[in-house]
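Here's the structure, in structure tokens; my notes come after.
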Amino acid sequence: MSSSESKLWNDVDAYFSTLLAPEDEALTAALRDSDAAGLPHINVAPNQGKLLQLLAQVQGARRILEFGTLGGYSTIWLARALPEDGRLISFEYEVRHAEVARRNLDRAGLSRLVEVRVGPALESLPKLADENPEPFDFVFIDADKANNRNYVEWALKLTRPGALIVLDNVVRGGRIADAGSDDPGIRGTRAALELIASHPRVSGTAVQTVGSKGHDGFALARVLD
Ligand code: SAH
Ligand code: DHB
Ligand code: MG
């Protein structure tokens, strides 16, 4: 990508986000405090956050599962799609990230709807399954990419028919197309996409995007009835 191309992508994202996905005080403050705490700048872009919110609304989602909370920025967009009796559970490995996220969610007035569970998601998942939770309507997978196939497998166990699974960062500057990649993240994401492609109860696709997060993309997978 040339620098004039990436400037153009940024300008277009800024135009769309300002017009269609403007941040209010809670979202702005969430990013400001995440930055102050030294969290990496890898949250979804505002227009992507709004897409997640719209998808959750289209789903009529009452129960949302998220992998990878970071400072709770995507969590805020998603939780705002929930009704009063809704629930969002978000898995986060880093205690420090979870603490920042909880403050951000509290300020956004969403604490009653959201629970951040700290630890490796693969350790938190069996406990969640043991609680026999009401099936989830929507899953956003955005944590350690090496485990993406495991996360899709768990998502299939924990969702209702008709649920939607969104997998972030499936392009990574085009590296996803390298079948011989030894990058664990690329391998994990390719394995997740292969599961989506081959699973009899799933229908999915993937779309590449350009914008403030460079050349990347997302996959959508619907759990069939
Ligand atoms: N969804 C966020 C960004 C998440 S960044 C947003 O768009 O705002 C990825 C997060 O996944 C990081 O906070 C990282 O600490 C967390 N993570 C990494 N490995 C994990 C694991 N094994 N289990 C749960 N979270 C993990
Ligand atoms: C990274 C992770 C993300 O979830 C993302 O959206 C962008 C980058 C990363 O780990 O580099
Ligand atoms: Mg991401």
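Letters for chains follow the order of the structure tokens (A, B, ...), residue numbers begin at 1 for each chain, and ligand numbers begin at 1 in the order shown.
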Can I get the residues of chain A within 6 Å of ligand 3, each with the closest pair of atoms and their distance in Å to one decimal, using only C-alpha atoms and all ligand atoms, sorted chain first then ascending number, as a Markdown table?
```
| residue | atom | partner | partner_atom_place_in_ligand_line | distance |
| --- | --- | --- | --- | --- |
| A:Val44 | CA | ligand 3 | 1 (Mg) | 5.9 |
| A:Asp142 | CA | ligand 3 | 1 (Mg) | 4.8 |
| A:Asp168 | CA | ligand 3 | 1 (Mg) | 4.9 |
| A:Asn169 | CA | ligand 3 | 1 (Mg) | 5.3 |
```
Collect all residues with atoms no farther than 12 Å from ligand 2, counting only C-alpha atoms and all ligand atoms, and output them as a PyMOL selection string.
-> chain A and resi 39-46+48-49+66-71+73-74+140-146+148+167-173+184-186+209+211-218
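For range 8-11 of chain A, the list of residues within 8 Å, based on only C-alpha atoms and with local chain neighbours fewer than 2 positions off taken out, reads Ser4, Glu5, Ser6, Asp13, Ala14, Tyr15, Val210, Gly211, Ser212 and Gly214 of chain A.
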DSSP strand (DSSP E or B) selection over range 8-216 of chain A, as a ChimeraX atom specification = /A:63-67,87-92,114-118,136-141,159-168,202-211,214-216
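Between ligand 1 and the candidates A:Leu128, A:Leu122, A:Leu20, A:Ala219, the tightest atom-to-atom separation, counting only C-alpha atoms and all ligand atoms, involves A:Leu122.
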How many Å separate CA of Pro133 in chain A from CA of Leu158 in chain A?
-> 7.9 Å
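Among the candidates A:Asp137, A:Glu194, A:Asp178, A:Asp35, the one nearest to ligand 1 when counting only C-alpha atoms and all ligand atoms is A:Asp35.
Shortest separation to ligand 1 among A:Ala101, A:Leu78, A:Ala121, A:Ala56 occurs at residue A:Ala121, atoms counted being only C-alpha atoms and all ligand atoms.
CA of Glu92 in chain A to CA of Leu220 in chain A spans 21.7 Å [interatomic distance, one decimal].
If only C-alpha atoms and all ligand atoms are the atoms counted, then among A:His97, A:Arg190, A:Lys50, A:Arg160 the closest residue to ligand 1 is A:His97.
Proximity of A:Ile176, A:Leu195, A:Leu82, A:Leu125 to ligand 1, computed with only C-alpha atoms and all ligand atoms, is greatest for A:Leu125.
Compared by their closest atoms to ligand 1, and using only C-alpha atoms and all ligand atoms, the residues A:Leu54, A:Val100, A:Ala21, A:Ala191 rank with A:Val100 nearest.
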Test item, helix (DSSP H, G or I) assignment across range 100-160 of chain A, answer as an MDAnalysis selection string = chainID A and resid 100:107 121:130 145:158
